[in-house]
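The next block is upload00.pdb, given as PDB, C-alpha atoms, pLDDT in the B column.
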ATOM      1  CA  SER N   1      47.633 119.288 125.074  1.00 92.00           C
ATOM      2  CA  VAL N   2      48.536 122.328 127.131  1.00 92.00           C
ATOM      3  CA  ASN N   3      48.059 122.435 130.907  1.00 94.00           C
ATOM      4  CA  LEU N   4      48.901 124.882 133.677  1.00 93.00           C
ATOM      5  CA  ILE N   5      50.042 123.062 136.817  1.00 94.00           C
ATOM      6  CA  GLY N   6      51.642 124.775 139.804  1.00 92.00           C
ATOM      7  CA  GLY N   7      53.053 127.731 137.877  1.00 91.00           C
ATOM      8  CA  ASN N   8      54.338 125.555 135.022  1.00 94.00           C
ATOM      9  CA  LEU N   9      53.046 125.391 131.473  1.00 92.00           C
ATOM     10  CA  ILE N  10      53.101 121.758 130.349  1.00 95.00           C
ATOM     11  CA  PHE N  11      52.898 120.790 126.676  1.00 93.00           C
ATOM     12  CA  SER N  12      52.462 117.197 125.615  1.00 95.00           C
ATOM     13  CA  GLY N  13      51.592 115.465 122.390  1.00 95.00           C
ATOM     14  CA  THR N  14      51.650 112.333 120.287  1.00 95.00           C
ATOM     15  CA  GLY N  15      52.371 111.354 116.707  1.00 94.00           C
ATOM     16  CA  GLY N  16      56.055 112.239 116.605  1.00 94.00           C
ATOM     17  CA  VAL N  17      58.798 110.203 114.986  1.00 94.00           C
ATOM     18  CA  THR N  18      59.744 107.314 117.278  1.00 95.00           C
ATOM     19  CA  ASN N  19      62.900 108.393 119.156  1.00 95.00           C
ATOM     20  CA  GLY N  20      63.222 111.342 116.735  1.00 96.00           C
ATOM     21  CA  ASN N  21      64.555 114.684 117.920  1.00 97.00           C
ATOM     22  CA  TYR N  22      62.662 117.941 118.254  1.00 96.00           C
ATOM     23  CA  VAL N  23      63.389 121.518 119.338  1.00 96.00           C
ATOM     24  CA  VAL N  24      60.933 123.805 121.139  1.00 95.00           C
ATOM     25  CA  LEU N  25      61.233 127.339 119.745  1.00 96.00           C
ATOM     26  CA  GLY N  26      59.950 130.440 121.522  1.00 95.00           C
ATOM     27  CA  SER N  27      59.120 134.002 120.512  1.00 97.00           C
ATOM     28  CA  THR N  28      57.265 136.952 122.009  1.00 96.00           C
ATOM     29  CA  ASN N  29      55.960 137.738 118.499  1.00 97.00           C
ATOM     30  CA  VAL N  30      53.795 134.984 117.016  1.00 97.00           C
ATOM     31  CA  ALA N  31      54.104 136.627 113.569  1.00 97.00           C
ATOM     32  CA  ALA N  32      57.930 136.686 113.614  1.00 98.00           C
ATOM     33  CA  PRO N  33      59.683 134.769 110.815  1.00 97.00           C
ATOM     34  CA  LEU N  34      60.727 131.268 111.870  1.00 95.00           C
ATOM     35  CA  MET N  35      64.425 132.231 111.699  1.00 95.00           C
ATOM     36  CA  ASP N  36      63.794 134.770 114.511  1.00 97.00           C
ATOM     37  CA  TRP N  37      62.351 132.180 116.935  1.00 98.00           C
ATOM     38  CA  LEU N  38      64.888 131.068 119.562  1.00 97.00           C
ATOM     39  CA  PRO N  39      65.489 127.526 120.848  1.00 97.00           C
ATOM     40  CA  VAL N  40      64.050 126.996 124.340  1.00 94.00           C
ATOM     41  CA  THR N  41      64.915 123.309 124.732  1.00 93.00           C
ATOM     42  CA  SER N  42      65.452 120.140 122.738  1.00 95.00           C
ATOM     43  CA  ASN N  43      64.628 116.525 123.414  1.00 95.00           C
ATOM     44  CA  ALA N  44      63.585 113.274 121.735  1.00 97.00           C
ATOM     45  CA  PHE N  45      60.169 111.737 121.215  1.00 97.00           C
ATOM     46  CA  ASP N  46      59.779 108.527 123.217  1.00 97.00           C
ATOM     47  CA  ALA N  47      59.435 105.020 121.748  1.00 97.00           C
ATOM     48  CA  SER N  48      55.720 105.689 121.135  1.00 96.00           C
ATOM     49  CA  GLY N  49      56.271 109.098 119.471  1.00 96.00           C
ATOM     50  CA  ASN N  50      55.133 111.138 122.499  1.00 97.00           C
ATOM     51  CA  PHE N  51      56.685 114.340 123.817  1.00 95.00           C
ATOM     52  CA  LEU N  52      56.473 116.374 127.029  1.00 94.00           C
ATOM     53  CA  PHE N  53      57.821 119.882 127.647  1.00 92.00           C
ATOM     54  CA  THR N  54      57.509 121.846 130.901  1.00 93.00           C
ATOM     55  CA  ASN N  55      58.238 125.563 131.112  1.00 90.00           C
ATOM     56  CA  PRO N  56      57.939 127.682 134.278  1.00 92.00           C
ATOM     57  CA  ILE N  57      55.782 130.788 133.958  1.00 90.00           C
ATOM     58  CA  ASP N  58      57.377 134.057 135.047  1.00 90.00           C
ATOM     59  CA  PRO N  59      54.721 136.806 135.301  1.00 89.00           C
ATOM     60  CA  ALA N  60      57.477 139.439 135.022  1.00 93.00           C
ATOM     61  CA  GLN N  61      58.352 138.241 131.498  1.00 90.00           C
ATOM     62  CA  PRO N  62      56.363 139.110 128.339  1.00 93.00           C
ATOM     63  CA  GLN N  63      53.955 136.577 126.858  1.00 92.00           C
ATOM     64  CA  GLU N  64      55.749 133.906 124.819  1.00 93.00           C
ATOM     65  CA  PHE N  65      54.593 131.655 121.984  1.00 95.00           C
ATOM     66  CA  TYR N  66      56.002 128.199 121.232  1.00 93.00           C
ATOM     67  CA  ARG N  67      56.553 126.027 118.159  1.00 94.00           C
ATOM     68  CA  LEU N  68      57.716 122.444 117.920  1.00 94.00           C
ATOM     69  CA  GLN N  69      60.344 121.895 115.210  1.00 95.00           C
ATOM     70  CA  LEU N  70      61.324 118.402 114.080  1.00 94.00           C
ATOM     71  CA  GLN N  71      65.004 117.682 113.590  1.00 89.00           C
TER      72      GLN N  71
END

Written as structure tokens, how would this file's structure read?
Amino acid sequence: SVNLIGGNLIFSGTGGVTNGNYVVLGSTNVAAPLMDWLPVTSNAFDASGNFLFTNPIDPAQPQEFYRLQLQ
């Protein structure tokens, strides 16, 4: 799910690999090749395969798109 709370964009989800690692990639161009997307953060799914990522929104920055990449 995606939520906007207090100026933060919060992504959460289920179904990941238990304790597996992931990287959140970001790009201002949704059509850019995957190799051009830049890492925003990395973390691990929890023991139930859930993840949570919070990113502050800066209105002065261009719109950004996100992808979740499994490691």

Quiz item: Between N:Asn29, N:Asn8, N:Ser1, N:Thr41, which is the closest to Asn55 in chain N once you count all atoms listed in the file?
Solution: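 Nearest to Asn55 in chain N: N:Asn8.
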
Exercise. Evaluate the PyMOL selection byres ((chain N and resi 33-40) around 12) on the structure here and hand back the selected residues as a ChimeraX atom specification.
Key: /N:22-32,41-43,53-56,64-69

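One finds CA of Val2 in chain N at 21.5 Å from CA of Asn19 in chain N.
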
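CA of Asn50 in chain N sits 4.3 Å away from CA of Thr14 in chain N.
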
Quiz item: N:Gly7, N:Gly15, N:Ala44, N:Asn21: which is nearest Ile57 in chain N, counting all atoms listed in the file?
Solution: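 Distance minimum relative to Ile57 in chain N lands on N:Gly7.
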
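Note that CA of Ile5 in chain N and CA of Ala47 in chain N are 25.3 Å apart.
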
Practice problem: Determine the residue membership of the PyMOL selection byres ((chain N and resi 51) around 6) for the file above and supply it as JSON, numbers by chain. | Solution: {"N": [12, 13, 45, 50, 52]}

Work out where the centre of an axis-aligned box around every listed atom of range 52-68 of chain N lies and how long its edges are once 5 Å is added on each side; give both in Å to one decimal as JSON.
{"center_x": 56.2, "center_y": 127.9, "center_z": 126.6, "size_x": 14.4, "size_y": 33.1, "size_z": 27.4}

Quiz item: Looking at N:Asp46, N:Gly20, N:Gln63, N:Asp58, which one is nearest to Gly6 in chain N, with distances taken over only C-alpha atoms?
Solution: N:Asp58
